[in-house]
$ cat run-v8.txt   # compact mmCIF, C-alpha atoms
# COMPACT_ATOMS: atom_id res chain seq x y z
CA MET A 299 0.00 0.00 0.00
CA ALA A 300 1.48 3.28 -1.09
CA ALA A 301 0.99 5.11 2.18
CA ASP A 302 4.36 5.73 3.67
CA THR A 303 4.17 9.47 4.33
CA PRO A 304 1.17 11.37 5.71
CA VAL A 305 0.62 13.06 2.37
CA GLU A 306 0.57 9.72 0.60
CA TYR A 307 -1.73 8.34 3.24
CA ILE A 308 -4.19 11.19 2.75
CA GLN A 309 -4.00 11.03 -1.03
CA HIS A 310 -4.49 7.31 -0.89
CA HIS A 311 -7.60 7.70 1.22
CA LEU A 312 -9.07 10.26 -1.14
CA GLN A 313 -8.70 8.08 -4.23
CA ASN A 314 -11.69 6.09 -5.42
CA LEU A 315 -11.50 2.54 -6.67
CA THR A 316 -11.62 3.26 -10.39
CA TYR A 317 -12.44 0.80 -13.14
CA GLY A 318 -11.88 2.38 -16.53
CA LYS A 319 -10.53 2.23 -20.01
CA LEU A 320 -6.85 2.86 -20.73
CA PRO A 321 -5.80 3.69 -24.28
CA ALA A 322 -3.46 1.51 -26.30
CA GLY A 323 0.19 2.26 -25.78
CA TYR A 324 -0.40 3.57 -22.26
CA GLU A 325 2.61 3.12 -19.98
CA ARG A 326 1.52 1.60 -16.64
CA VAL A 327 3.84 2.07 -13.68
CA ASP A 328 3.55 -0.54 -10.93
CA PRO A 329 3.23 1.35 -7.63
CA TYR A 330 5.30 -1.21 -5.69
CA THR A 331 8.09 -2.20 -8.06
CA ASN A 332 8.09 0.83 -10.41
CA ASP A 333 8.14 -1.59 -13.34
CA VAL A 334 6.74 -0.10 -16.52
CA THR A 335 4.38 -2.11 -18.71
CA VAL A 336 2.88 -0.88 -21.93
CA MET A 337 -0.77 -1.54 -22.80
CA GLN A 338 -0.81 -3.46 -26.07
CA GLU A 339 -4.38 -2.46 -26.87
CA ALA A 340 -7.06 -0.29 -25.25
CA GLY A 341 -8.77 -2.09 -22.41
CA TRP A 342 -10.82 -1.88 -19.22
CA THR A 343 -8.98 -2.38 -15.95
CA PHE A 344 -8.72 -1.21 -12.35
CA ALA A 345 -6.50 1.83 -11.87
CA ARG A 346 -3.44 1.01 -9.74
CA THR A 347 -2.43 4.63 -9.17
CA SER A 348 -4.15 8.00 -8.97
CA ALA A 349 -2.39 9.01 -12.17
CA GLU A 350 -3.93 6.06 -13.98
CA ALA A 351 -7.35 6.93 -12.66
CA THR A 352 -6.95 10.49 -13.94
CA ASP A 353 -5.72 9.30 -17.32
CA MET A 354 -8.78 7.10 -17.74
CA GLY A 355 -10.73 10.33 -18.25
CA PHE A 356 -14.50 10.13 -18.52
CA MET A 357 -14.61 6.46 -19.51
CA ALA A 358 -14.31 5.12 -15.98
CA PHE A 359 -16.42 4.06 -13.05
CA HIS A 360 -15.84 4.62 -9.38
CA VAL A 361 -16.77 1.12 -8.33
CA ASP A 362 -16.79 1.99 -4.63
CA THR A 363 -19.03 5.04 -5.03
CA LEU A 364 -21.51 3.21 -7.23
CA GLY A 365 -21.42 0.06 -5.14
CA TRP A 366 -21.97 1.75 -1.80
CA SER A 367 -24.58 4.20 -3.06
CA ILE A 368 -26.57 1.45 -4.74
CA PHE A 369 -26.20 -0.70 -1.65
CA MET A 370 -27.49 2.15 0.53
CA GLY A 371 -30.36 2.83 -1.89
CA ILE A 372 -31.38 -0.82 -1.85
CA LEU A 373 -31.10 -0.87 1.95
CA PHE A 374 -33.41 2.13 2.14
CA LEU A 375 -35.94 0.70 -0.30
CA THR A 376 -35.87 -2.74 1.30
CA ILE A 377 -36.55 -1.45 4.78
CA PHE A 378 -39.23 0.97 3.64
CA ARG A 379 -40.82 -1.56 1.30
CA LEU A 380 -41.02 -4.18 4.05
CA VAL A 381 -42.68 -1.66 6.35
CA ALA A 382 -44.96 -0.44 3.55
CA ARG A 383 -46.15 -3.96 2.80
CA LYS A 384 -47.09 -4.60 6.40
CA ALA A 385 -48.20 -1.03 7.14
CA THR A 386 -51.15 -1.03 9.48
CA SER A 387 -53.51 1.79 10.28
CA GLY A 388 -53.71 0.40 13.82
CA VAL A 389 -50.99 0.77 16.44
CA PRO A 390 -47.66 0.89 14.53
CA GLY A 391 -44.69 -1.25 15.57
CA GLY A 392 -41.13 -0.04 16.14
CA MET A 393 -39.87 -0.02 12.57
CA GLN A 394 -43.09 1.43 11.22
CA ASN A 395 -42.78 4.23 13.77
CA VAL A 396 -39.33 5.14 12.50
CA VAL A 397 -40.47 5.01 8.89
CA GLU A 398 -43.59 7.06 9.59
CA MET A 399 -41.58 9.66 11.46
CA THR A 400 -39.30 10.00 8.44
CA VAL A 401 -42.24 10.16 6.07
CA GLU A 402 -43.92 12.83 8.20
CA PHE A 403 -40.68 14.81 8.38
CA VAL A 404 -40.42 14.74 4.59
CA GLN A 405 -44.11 15.60 4.25
CA THR A 406 -43.49 18.69 6.37
CA ILE A 407 -40.56 19.70 4.17
CA VAL A 408 -42.69 19.28 1.06
CA ARG A 409 -45.70 21.06 2.56
CA ASP A 410 -43.56 24.04 3.53
CA GLY A 411 -41.41 24.19 0.41
CA PHE A 412 -43.62 22.99 -2.42
CA HIS A 413 -46.65 24.97 -3.49
CA GLY A 414 -47.78 23.03 -6.54
CA ARG A 415 -49.73 19.82 -6.85
CA ASN A 416 -47.54 16.90 -7.81
CA PRO A 417 -47.70 13.44 -6.24
CA VAL A 418 -44.13 12.64 -7.28
CA ILE A 419 -42.41 15.36 -5.26
CA ALA A 420 -42.97 13.91 -1.80
CA PRO A 421 -41.67 10.39 -2.53
CA LEU A 422 -38.83 11.98 -4.51
CA ALA A 423 -37.91 14.05 -1.47
CA LEU A 424 -38.15 10.96 0.75
CA THR A 425 -35.78 9.07 -1.54
CA MET A 426 -33.29 11.95 -1.60
CA PHE A 427 -33.41 12.51 2.14
CA VAL A 428 -33.04 8.92 3.28
CA TRP A 429 -30.60 7.91 0.58
CA ILE A 430 -28.28 10.88 1.17
CA PHE A 431 -28.60 10.40 4.91
CA LEU A 432 -27.57 6.75 4.63
CA MET A 433 -24.68 7.55 2.29
CA ASN A 434 -23.47 10.33 4.57
CA SER A 435 -23.74 8.14 7.64
CA LEU A 436 -21.17 5.75 6.16
CA LYS A 437 -18.74 8.44 7.21
CA LEU A 438 -19.09 7.48 10.85
CA ILE A 439 -17.35 4.20 10.10
CA PRO A 440 -13.68 4.74 10.98
CA VAL A 441 -11.72 5.78 7.89
CA ASP A 442 -9.39 2.80 7.81
CA PHE A 443 -11.90 0.13 8.67
CA ILE A 444 -13.37 -0.91 5.35
CA PRO A 445 -10.42 0.21 3.17
CA GLN A 446 -8.22 -2.19 5.13
CA ILE A 447 -10.63 -5.04 4.49
CA ALA A 448 -10.75 -4.06 0.81
CA HIS A 449 -6.96 -3.97 0.77
CA ALA A 450 -6.81 -7.44 2.20
CA LEU A 451 -9.08 -8.51 -0.66
CA GLY A 452 -6.61 -7.00 -3.13
CA LEU A 453 -8.31 -3.68 -3.86
CA GLY A 454 -5.75 -0.88 -3.68
CA TYR A 455 -8.17 1.98 -3.18
CA PHE A 456 -11.50 2.08 -1.43
CA LYS A 457 -13.53 5.09 -0.45
CA ILE A 458 -16.83 4.16 1.07
CA VAL A 459 -18.70 7.46 1.37
CA PRO A 460 -20.36 8.15 -2.01
CA THR A 461 -21.15 11.75 -1.08
CA THR A 462 -17.45 12.57 -0.74
CA ASP A 463 -17.18 11.82 -4.44
CA PRO A 464 -18.38 14.70 -6.67
CA ASN A 465 -19.71 12.10 -9.09
CA GLY A 466 -22.03 10.87 -6.39
CA THR A 467 -23.48 14.25 -5.52
CA PHE A 468 -23.59 15.52 -9.10
CA GLY A 469 -25.38 12.35 -10.16
CA ILE A 470 -28.24 13.19 -7.83
CA SER A 471 -28.27 16.92 -8.55
CA ILE A 472 -28.33 16.28 -12.29
CA GLY A 473 -31.37 14.10 -11.72
CA VAL A 474 -32.97 17.01 -9.90
CA PHE A 475 -31.89 19.40 -12.68
CA ILE A 476 -33.53 17.23 -15.34
CA LEU A 477 -36.74 17.23 -13.29
CA ILE A 478 -36.57 21.03 -12.94
CA ILE A 479 -36.32 21.41 -16.72
CA PHE A 480 -38.99 18.74 -17.30
CA TYR A 481 -41.55 20.30 -14.95
CA SER A 482 -40.77 23.84 -16.10
CA ILE A 483 -41.64 22.85 -19.65
CA LYS A 484 -44.56 20.68 -18.59
CA VAL A 485 -46.21 23.36 -16.43
CA LYS A 486 -45.36 26.50 -18.37
CA GLY A 487 -44.98 25.06 -21.83
CA LEU A 488 -41.86 25.49 -23.92
CA GLY A 489 -42.87 29.05 -24.79
CA GLY A 490 -43.75 29.93 -21.22
CA PHE A 491 -40.44 28.61 -19.94
CA GLY A 492 -38.56 30.50 -22.67
CA LYS A 493 -40.49 33.65 -21.83
CA GLU A 494 -39.64 33.26 -18.16
CA LEU A 495 -35.96 32.97 -19.03
CA SER A 496 -36.09 35.93 -21.43
CA PHE A 497 -38.20 38.48 -19.59
CA THR A 498 -37.06 38.17 -15.97
CA PRO A 499 -35.79 40.04 -14.13
CA PHE A 500 -36.00 42.93 -16.67
CA ASN A 501 -39.22 42.98 -18.59
CA HIS A 502 -38.00 44.72 -21.73
CA TRP A 503 -37.29 43.23 -25.17
CA ALA A 504 -33.93 45.03 -25.44
CA LEU A 505 -32.68 43.23 -22.35
CA ILE A 506 -33.55 39.71 -23.53
CA PRO A 507 -29.92 38.59 -24.09
CA PHE A 508 -28.91 39.95 -20.72
CA ASN A 509 -31.87 38.25 -19.04
CA LEU A 510 -31.14 34.98 -20.82
CA VAL A 511 -27.53 34.94 -19.65
CA LEU A 512 -28.57 35.79 -16.11
CA GLU A 513 -31.41 33.25 -15.93
CA ILE A 514 -29.47 30.41 -17.53
CA ILE A 515 -26.61 30.97 -15.12
CA GLY A 516 -29.19 31.01 -12.31
CA LEU A 517 -30.69 27.77 -13.58
CA LEU A 518 -27.32 26.04 -13.85
CA THR A 519 -26.33 27.24 -10.41
CA LYS A 520 -29.10 25.17 -8.85
CA PRO A 521 -27.67 21.68 -9.48
CA LEU A 522 -24.16 23.01 -9.06
CA SER A 523 -24.85 24.47 -5.62
CA LEU A 524 -26.77 21.38 -4.53
CA ALA A 525 -23.98 19.02 -5.50
CA LEU A 526 -21.07 21.16 -4.38
CA ARG A 527 -22.58 21.99 -0.99
CA LEU A 528 -23.10 18.35 -0.14
CA PHE A 529 -19.79 17.27 -1.61
CA GLY A 530 -17.84 20.09 0.05
CA ASN A 531 -19.22 19.44 3.49
CA MET A 532 -18.73 15.71 3.31
CA TYR A 533 -15.31 15.92 1.72
CA ALA A 534 -14.02 18.41 4.26
CA GLY A 535 -15.31 16.27 7.09
CA GLU A 536 -13.67 13.23 5.55
CA VAL A 537 -10.33 15.02 5.24
CA VAL A 538 -10.46 15.97 8.92
CA PHE A 539 -11.22 12.35 9.85
CA ILE A 540 -8.23 11.23 7.78
CA LEU A 541 -5.99 13.85 9.40
CA ILE A 542 -7.08 12.65 12.83
CA ALA A 543 -6.31 9.09 11.76
CA ILE A 544 -2.69 10.09 11.14
CA LEU A 545 -2.24 10.92 14.83
CA PRO A 546 -0.96 8.29 17.25
CA PHE A 547 -3.76 5.84 17.99
CA TRP A 548 -3.95 6.61 21.73
CA VAL A 549 -4.80 10.26 21.19
CA GLN A 550 -7.18 9.86 18.25
CA TRP A 551 -10.32 9.43 20.31
CA THR A 552 -9.99 12.91 21.87
CA LEU A 553 -10.56 14.46 18.45
CA ASN A 554 -12.29 11.63 16.67
CA VAL A 555 -15.20 11.28 19.07
CA PRO A 556 -16.22 14.97 19.21
CA TRP A 557 -15.85 15.27 15.45
CA ALA A 558 -17.98 12.16 14.88
CA ILE A 559 -20.64 13.42 17.28
CA PHE A 560 -20.62 16.74 15.49
CA HIS A 561 -20.99 14.87 12.25
CA ILE A 562 -24.17 13.18 13.37
CA LEU A 563 -25.59 16.69 13.07
CA VAL A 564 -23.81 17.47 9.80
CA ILE A 565 -24.96 14.22 8.16
CA THR A 566 -28.62 14.89 8.95
CA LEU A 567 -28.36 18.59 8.22
CA GLN A 568 -26.78 18.10 4.80
CA ALA A 569 -29.37 15.52 3.82
CA PHE A 570 -32.07 17.91 5.02
CA ILE A 571 -30.61 20.92 3.18
CA PHE A 572 -30.21 18.99 -0.06
CA THR A 573 -33.78 17.75 0.11
CA THR A 574 -35.28 21.10 1.09
CA LEU A 575 -33.46 23.03 -1.62
CA ALA A 576 -34.33 20.45 -4.26
CA VAL A 577 -37.99 20.71 -3.23
CA VAL A 578 -37.85 24.51 -3.36
CA TYR A 579 -36.21 24.45 -6.81
CA LEU A 580 -38.90 22.05 -8.05
CA SER A 581 -41.56 24.29 -6.55
CA GLN A 582 -40.14 27.23 -8.51
CA ALA A 583 -40.28 25.08 -11.63
CA HIS A 584 -44.02 24.60 -11.01
CA GLU A 585 -44.78 28.28 -10.48
CA ASP A 586 -46.47 29.86 -13.45
CA HIS A 587 -46.20 33.63 -13.55
CA MET B 75 -11.84 13.44 -7.77
CA ASN B 76 -12.28 12.78 -11.47
CA ILE B 77 -15.62 13.31 -13.14
CA ASN B 78 -16.51 10.21 -15.10
CA LEU B 79 -19.23 7.71 -15.94
CA THR B 80 -19.95 7.27 -12.23
CA LEU B 81 -21.98 10.45 -12.59
CA ILE B 82 -24.35 8.88 -15.10
CA GLY B 83 -24.49 5.62 -13.16
CA GLN B 84 -25.41 7.52 -10.04
CA ALA B 85 -28.12 9.48 -11.87
CA ILE B 86 -29.60 6.26 -13.25
CA ALA B 87 -29.56 4.65 -9.81
CA PHE B 88 -31.25 7.73 -8.41
CA ALA B 89 -33.97 7.60 -11.06
CA ILE B 90 -34.65 3.92 -10.37
CA PHE B 91 -34.79 4.49 -6.61
CA VAL B 92 -37.20 7.39 -7.03
CA TRP B 93 -39.38 5.34 -9.35
CA PHE B 94 -39.50 2.46 -6.88
CA CYS B 95 -40.27 4.80 -3.99
CA VAL B 96 -43.07 6.55 -5.89
CA LYS B 97 -44.54 3.24 -6.97
CA PHE B 98 -44.12 0.85 -4.07
CA VAL B 99 -43.06 2.66 -0.90
CA TRP B 100 -44.84 5.97 -0.59
CA PRO B 101 -48.48 5.01 -1.36
CA PRO B 102 -48.94 2.19 1.20
CA ILE B 103 -47.22 4.10 4.01
CA THR B 104 -49.14 7.33 3.52
CA ALA B 105 -52.36 5.36 2.99
CA ALA B 106 -51.87 3.63 6.35
CA MET B 107 -51.07 6.94 8.02
CA GLU B 108 -54.12 8.63 6.55
CA ALA B 109 -56.33 5.70 7.50
CA ARG B 110 -55.06 5.94 11.07
CA GLN B 111 -55.62 9.69 11.10
CA LYS B 112 -59.19 9.13 9.98
CA LYS B 113 -59.68 6.42 12.60
CA ILE B 114 -58.45 8.70 15.35
CA ALA B 115 -60.60 11.59 14.13
CA ASP B 116 -63.62 9.29 13.96
CA GLY B 117 -62.87 7.95 17.43
CA LEU B 118 -62.63 11.43 18.88
CA SER B 119 -65.83 12.60 17.27
CA ALA B 120 -67.56 9.39 18.40
CA ALA B 121 -66.40 10.08 21.94
CA ASP B 122 -67.73 13.62 21.71
CA ARG B 123 -71.02 12.32 20.40
CA ALA B 124 -71.19 9.71 23.12
CA SER B 125 -70.68 12.23 25.90
CA LEU B 126 -73.34 14.43 24.33
CA ASP B 127 -75.65 11.42 24.11
CA LEU B 128 -74.97 10.62 27.74
CA GLU B 129 -75.87 14.16 28.75
CA LEU B 130 -79.07 14.01 26.75
CA ALA B 131 -79.93 10.60 28.20
CA GLN B 132 -79.39 11.85 31.73
CA GLU B 133 -81.58 14.85 31.05
CA LYS B 134 -84.25 12.61 29.57
CA ALA B 135 -84.04 10.20 32.47
CA SER B 136 -84.48 12.95 35.03
CA LYS B 137 -87.44 14.32 33.03
CA GLU B 138 -89.00 10.86 32.93
CA LEU B 139 -88.51 10.49 36.63
CA GLN B 140 -90.15 13.83 37.25
CA LYS B 141 -93.08 12.87 35.03
CA ALA B 142 -93.45 9.51 36.73
CA LYS B 143 -93.53 11.19 40.13
CA GLN B 144 -96.20 13.60 38.97
CA GLU B 145 -98.27 10.78 37.52
CA ALA B 146 -97.94 8.79 40.71
CA ALA B 147 -99.10 11.79 42.71
CA VAL B 148 -102.14 12.19 40.44
CA LEU B 149 -102.92 8.47 40.73
CA ILE B 150 -102.70 8.54 44.50
CA ASP B 151 -104.95 11.57 44.56
CA GLN B 152 -107.47 9.86 42.33
CA ALA B 153 -107.32 6.71 44.39
CA ASN B 154 -107.95 8.68 47.56
CA LYS B 155 -110.92 10.42 45.97
CA ARG B 156 -112.24 7.14 44.69
CA ALA B 157 -111.86 5.53 48.06
CA ALA B 158 -113.75 8.39 49.69
CA GLN B 159 -116.47 8.05 47.08
CA ILE B 160 -116.73 4.31 47.64
CA VAL B 161 -116.95 4.77 51.38
CA GLU B 162 -119.62 7.41 50.91
CA ALA B 163 -121.53 5.23 48.48
CA SER B 164 -121.43 2.20 50.75
CA LYS B 165 -122.61 4.31 53.67
CA ASP B 166 -125.50 5.43 51.51
CA ASP B 167 -126.28 1.85 50.48
CA ALA B 168 -126.16 0.67 54.04
CA ARG B 169 -128.53 3.42 55.11
CA LYS B 170 -130.93 2.58 52.26
CA GLU B 171 -130.72 -1.13 53.08
CA GLY B 172 -131.45 -0.40 56.70
CA ASP B 173 -134.40 1.74 55.76
CA LYS B 174 -135.68 -0.99 53.49
CA LEU B 175 -135.32 -3.61 56.21
CA ILE B 176 -137.13 -1.39 58.66
CA GLU B 177 -139.87 -0.87 56.09
CA GLN B 178 -140.16 -4.55 55.48
CA ALA B 179 -140.27 -5.26 59.16
CA ARG B 180 -142.97 -2.70 59.59
CA ALA B 181 -144.96 -4.20 56.75
CA GLU B 182 -144.65 -7.64 58.25
CA ILE B 183 -145.71 -6.40 61.63
CA GLN B 184 -148.68 -4.73 60.03
CA GLN B 185 -149.59 -7.87 58.24
CA GLU B 186 -149.30 -9.97 61.32
CA ARG B 187 -151.38 -7.51 63.24
CA VAL B 188 -154.07 -7.71 60.55
CA GLN B 189 -153.92 -11.48 60.64
CA ALA B 190 -154.04 -11.54 64.42
CA ARG B 191 -156.93 -9.18 64.42
CA ASP B 192 -158.73 -11.35 61.87
CA ALA B 193 -158.11 -14.44 63.87
CA LEU B 194 -159.14 -12.70 67.04
CA ARG B 195 -162.23 -11.41 65.34
CA LYS B 196 -163.20 -14.89 64.28
CA GLU B 197 -162.51 -16.21 67.75
CA VAL B 198 -164.60 -13.43 69.23
CA ALA B 199 -167.42 -14.20 66.86
CA VAL B 200 -167.38 -17.82 67.89
CA LEU B 201 -167.24 -16.85 71.53
CA ALA B 202 -170.00 -14.37 71.09
CA ILE B 203 -172.17 -16.94 69.46
CA ALA B 204 -171.41 -19.43 72.17
CA GLY B 205 -172.25 -16.78 74.76
CA ALA B 206 -175.37 -15.88 73.08
CA GLU B 207 -176.36 -19.54 72.81
CA LYS B 208 -175.79 -19.92 76.48
CA ILE B 209 -177.83 -16.90 77.13
CA LEU B 210 -180.58 -17.87 74.89
CA GLU B 211 -180.17 -21.54 75.52
CA THR B 212 -180.99 -22.12 72.03
CA SER B 213 -178.78 -22.71 69.27
CA VAL B 214 -178.49 -20.02 67.01
CA ASP B 215 -178.79 -20.88 63.50
CA ALA B 216 -175.39 -19.84 62.29
CA LYS B 217 -176.56 -19.56 58.84
CA ALA B 218 -179.55 -17.43 59.73
CA HIS B 219 -177.61 -15.03 61.79
CA SER B 220 -174.38 -15.05 59.93
CA GLU B 221 -175.12 -11.70 58.39
CA MET B 222 -175.63 -10.18 61.78
CA LEU B 223 -172.55 -11.93 63.12
CA ASP B 224 -170.39 -10.73 60.30
CA LYS B 225 -171.62 -7.20 61.00
CA LEU B 226 -170.63 -7.68 64.53
CA ALA B 227 -167.23 -9.10 63.62
CA ALA B 228 -166.59 -6.16 61.30
CA GLU B 229 -167.33 -3.77 64.09
CA LEU B 230 -164.71 -5.38 66.35

$ encode --input "run-v8.txt" --output "structure tokens"
Amino acid sequence: MAADTPVEYIQHHLQNLTYGKLPAGYERVDPYTNDVTVMQEAGWTFARTSAEATDMGFMAFHVDTLGWSIFMGILFLTIFRLVARKATSGVPGGMQNVVEMTVEFVQTIVRDGFHGRNPVIAPLALTMFVWIFLMNSLKLIPVDFIPQIAHALGLGYFKIVPTTDPNGTFGISIGVFILIIFYSIKVKGLGGFGKELSFTPFNHWALIPFNLVLEIIGLLTKPLSLALRLFGNMYAGEVVFILIAILPFWVQWTLNVPWAIFHILVITLQAFIFTTLAVVYLSQAHEDH
Amino acid sequence: MNINLTLIGQAIAFAIFVWFCVKFVWPPITAAMEARQKKIADGLSAADRASLDLELAQEKASKELQKAKQEAAVLIDQANKRAAQIVEASKDDARKEGDKLIEQARAEIQQERVQARDALRKEVAVLAIAGAEKILETSVDAKAHSEMLDKLAAEL
């Protein structure tokens, strides 16, 4: 494991397990022996160094991000589906209580933030909230725990928190962005949406280009801010956890424990903020002026 | 930190999760919650209704009781009146009966007196004839003097 110095250790912890395509003629450097091998033809493989992962470009997957996020999503849906199937209108049991509390919490968010009529928004918000919460909460697992297991299984890199990967957060925010565009066009019509972009904030034909630039930037800012806020918070927290992990083991708990307790708040808060803002953005998409 | 296909994979996963949640998770949970809400609301309103019913029933019961008491008082009054009437009537009857008995007794006495007088008259007639016979020493032809004797008897 290439983690001899603190810097290497940190860099190693911030590298995803990448499976991607390397072009033909690519020179691969073995991280342990420094032997150079040349790819005979283009092919899909796991990146052995950060440089390889970068060189794979867009044609690559972060296996850890996808794996853990899908795992968390399935965990969420399994638990909620099991409760939903046995949901009773009588006295609810323990798990149903938890689920109903979450559902009511999300219903409150949607009631406060969303002013249109759309049956999809509330379950969408529930999915976002619980899924992001579960992905964030993976952060409370000590930073070396699962990567060490993965290393023992022969995987050089392993980053378990999908929301510390910009791909993870942008994936969700792009989904929200597509819905914003979709509902804007559906509610206002293509012309109405175009008009909204062209004539706000300055209602004058001469200022249409200016308005367009302003509004389109505003529109693009929505998914960007959603994704970057979540990613930034989670990434920064992760870096601090990694820094604490560099300290001697007998002193780690003095910093680790308070930071983890603080992160119980951050995890919930970030999931809440992401959900609330997405709901508000979707509400704006439904508003017809 | 590289942007790559993970992005699209994540977006697809998100879409599938949302679809599943919209289709299979959200409806049954909210349906159960709404059903429970309705149950609780119904229960509360039923309780309200029941306490109102109880109040009404108590009011009705006390009214009934009042009415029953009044009726009982009327009945007792009537019974008392009736009893007084009956007593009065029987007193009347008894008096009438007594009067009748006295009348009857009087009539009987009268009758017996008449009979006794008749008998006595006849006896007297016989005695008178016998006395007269003794006096005259001759028998009196009863048939010849019967008219005279009857006159005599009538005078007695």

$ residues_near_point --input "run-v8.txt" --point "(-36.1, 24.6, -3.3)" --cutoff "12 Å" --atoms "only C-alpha atoms" --output "ChimeraX atom specification"
/A:407-413,419,423,474-475,478,520-521,523-524,570-585

$ atom_distance --input "run-v8.txt" --atom1 "atom CA of B:Met222" --atom2 "atom CA of B:Leu210"
16.0 Å

$ closest_atom_pairs --input "run-v8.txt" --of "chain B" --to "chain A" --cutoff "10 Å" --atoms "only C-alpha atoms" --output "JSON lines"
{"residue": "B:Met75", "atom": "CA", "partner": "A:Asp463", "partner_atom": "CA", "distance": 6.5}
{"residue": "B:Asn76", "atom": "CA", "partner": "A:Thr352", "partner_atom": "CA", "distance": 6.3}
{"residue": "B:Ile77", "atom": "CA", "partner": "A:Asn465", "partner_atom": "CA", "distance": 5.9}
{"residue": "B:Asn78", "atom": "CA", "partner": "A:Phe356", "partner_atom": "CA", "distance": 4.0}
{"residue": "B:Leu79", "atom": "CA", "partner": "A:Phe359", "partner_atom": "CA", "distance": 5.4}
{"residue": "B:Thr80", "atom": "CA", "partner": "A:Phe359", "partner_atom": "CA", "distance": 4.8}
{"residue": "B:Leu81", "atom": "CA", "partner": "A:Asn465", "partner_atom": "CA", "distance": 4.5}
{"residue": "B:Ile82", "atom": "CA", "partner": "A:Gly469", "partner_atom": "CA", "distance": 6.1}
{"residue": "B:Gly83", "atom": "CA", "partner": "A:Leu364", "partner_atom": "CA", "distance": 7.1}
{"residue": "B:Gln84", "atom": "CA", "partner": "A:Gly469", "partner_atom": "CA", "distance": 4.8}
{"residue": "B:Ala85", "atom": "CA", "partner": "A:Gly469", "partner_atom": "CA", "distance": 4.3}
{"residue": "B:Ile86", "atom": "CA", "partner": "A:Gly469", "partner_atom": "CA", "distance": 8.0}
{"residue": "B:Ala87", "atom": "CA", "partner": "A:Ile368", "partner_atom": "CA", "distance": 6.7}
{"residue": "B:Phe88", "atom": "CA", "partner": "A:Ile470", "partner_atom": "CA", "distance": 6.3}
{"residue": "B:Ala89", "atom": "CA", "partner": "A:Gly473", "partner_atom": "CA", "distance": 7.0}
{"residue": "B:Ile90", "atom": "CA", "partner": "A:Gly371", "partner_atom": "CA", "distance": 9.6}
{"residue": "B:Phe91", "atom": "CA", "partner": "A:Gly371", "partner_atom": "CA", "distance": 6.7}
{"residue": "B:Val92", "atom": "CA", "partner": "A:Leu422", "partner_atom": "CA", "distance": 5.5}
{"residue": "B:Trp93", "atom": "CA", "partner": "A:Leu422", "partner_atom": "CA", "distance": 8.2}
{"residue": "B:Phe94", "atom": "CA", "partner": "A:Leu375", "partner_atom": "CA", "distance": 7.7}
{"residue": "B:Cys95", "atom": "CA", "partner": "A:Pro421", "partner_atom": "CA", "distance": 5.9}
{"residue": "B:Val96", "atom": "CA", "partner": "A:Pro421", "partner_atom": "CA", "distance": 5.3}
{"residue": "B:Lys97", "atom": "CA", "partner": "A:Pro421", "partner_atom": "CA", "distance": 8.9}
{"residue": "B:Phe98", "atom": "CA", "partner": "A:Arg379", "partner_atom": "CA", "distance": 6.7}
{"residue": "B:Val99", "atom": "CA", "partner": "A:Arg379", "partner_atom": "CA", "distance": 5.3}
{"residue": "B:Trp100", "atom": "CA", "partner": "A:Pro421", "partner_atom": "CA", "distance": 5.8}
{"residue": "B:Pro101", "atom": "CA", "partner": "A:Ala382", "partner_atom": "CA", "distance": 8.1}
{"residue": "B:Pro102", "atom": "CA", "partner": "A:Ala382", "partner_atom": "CA", "distance": 5.3}
{"residue": "B:Ile103", "atom": "CA", "partner": "A:Ala382", "partner_atom": "CA", "distance": 5.1}
{"residue": "B:Thr104", "atom": "CA", "partner": "A:Val401", "partner_atom": "CA", "distance": 7.9}
{"residue": "B:Ala105", "atom": "CA", "partner": "A:Ser387", "partner_atom": "CA", "distance": 8.2}
{"residue": "B:Ala106", "atom": "CA", "partner": "A:Ser387", "partner_atom": "CA", "distance": 4.6}
{"residue": "B:Met107", "atom": "CA", "partner": "A:Ser387", "partner_atom": "CA", "distance": 6.1}
{"residue": "B:Glu108", "atom": "CA", "partner": "A:Ser387", "partner_atom": "CA", "distance": 7.8}
{"residue": "B:Ala109", "atom": "CA", "partner": "A:Ser387", "partner_atom": "CA", "distance": 5.6}
{"residue": "B:Arg110", "atom": "CA", "partner": "A:Ser387", "partner_atom": "CA", "distance": 4.5}
{"residue": "B:Gln111", "atom": "CA", "partner": "A:Ser387", "partner_atom": "CA", "distance": 8.2}
{"residue": "B:Lys112", "atom": "CA", "partner": "A:Ser387", "partner_atom": "CA", "distance": 9.3}
{"residue": "B:Lys113", "atom": "CA", "partner": "A:Ser387", "partner_atom": "CA", "distance": 8.1}
{"residue": "B:Ile114", "atom": "CA", "partner": "A:Gly388", "partner_atom": "CA", "distance": 9.7}

$ residues_around --input "run-v8.txt" --residues "stretch 540-557 of chain A" --least-positions-apart "2" --cutoff "7 Å" --atoms "only C-alpha atoms" --output "JSON, numbers by chain"
{"A": [304, 308, 441, 536, 537, 538, 559, 560, 561]}

$ atom_distance --input "run-v8.txt" --atom1 "atom CA of A:Asn332" --atom2 "atom CA of A:Lys457"
24.2 Å

$ atom_distance --input "run-v8.txt" --atom1 "atom CA of A:Trp342" --atom2 "atom CA of A:Pro321"
9.0 Å
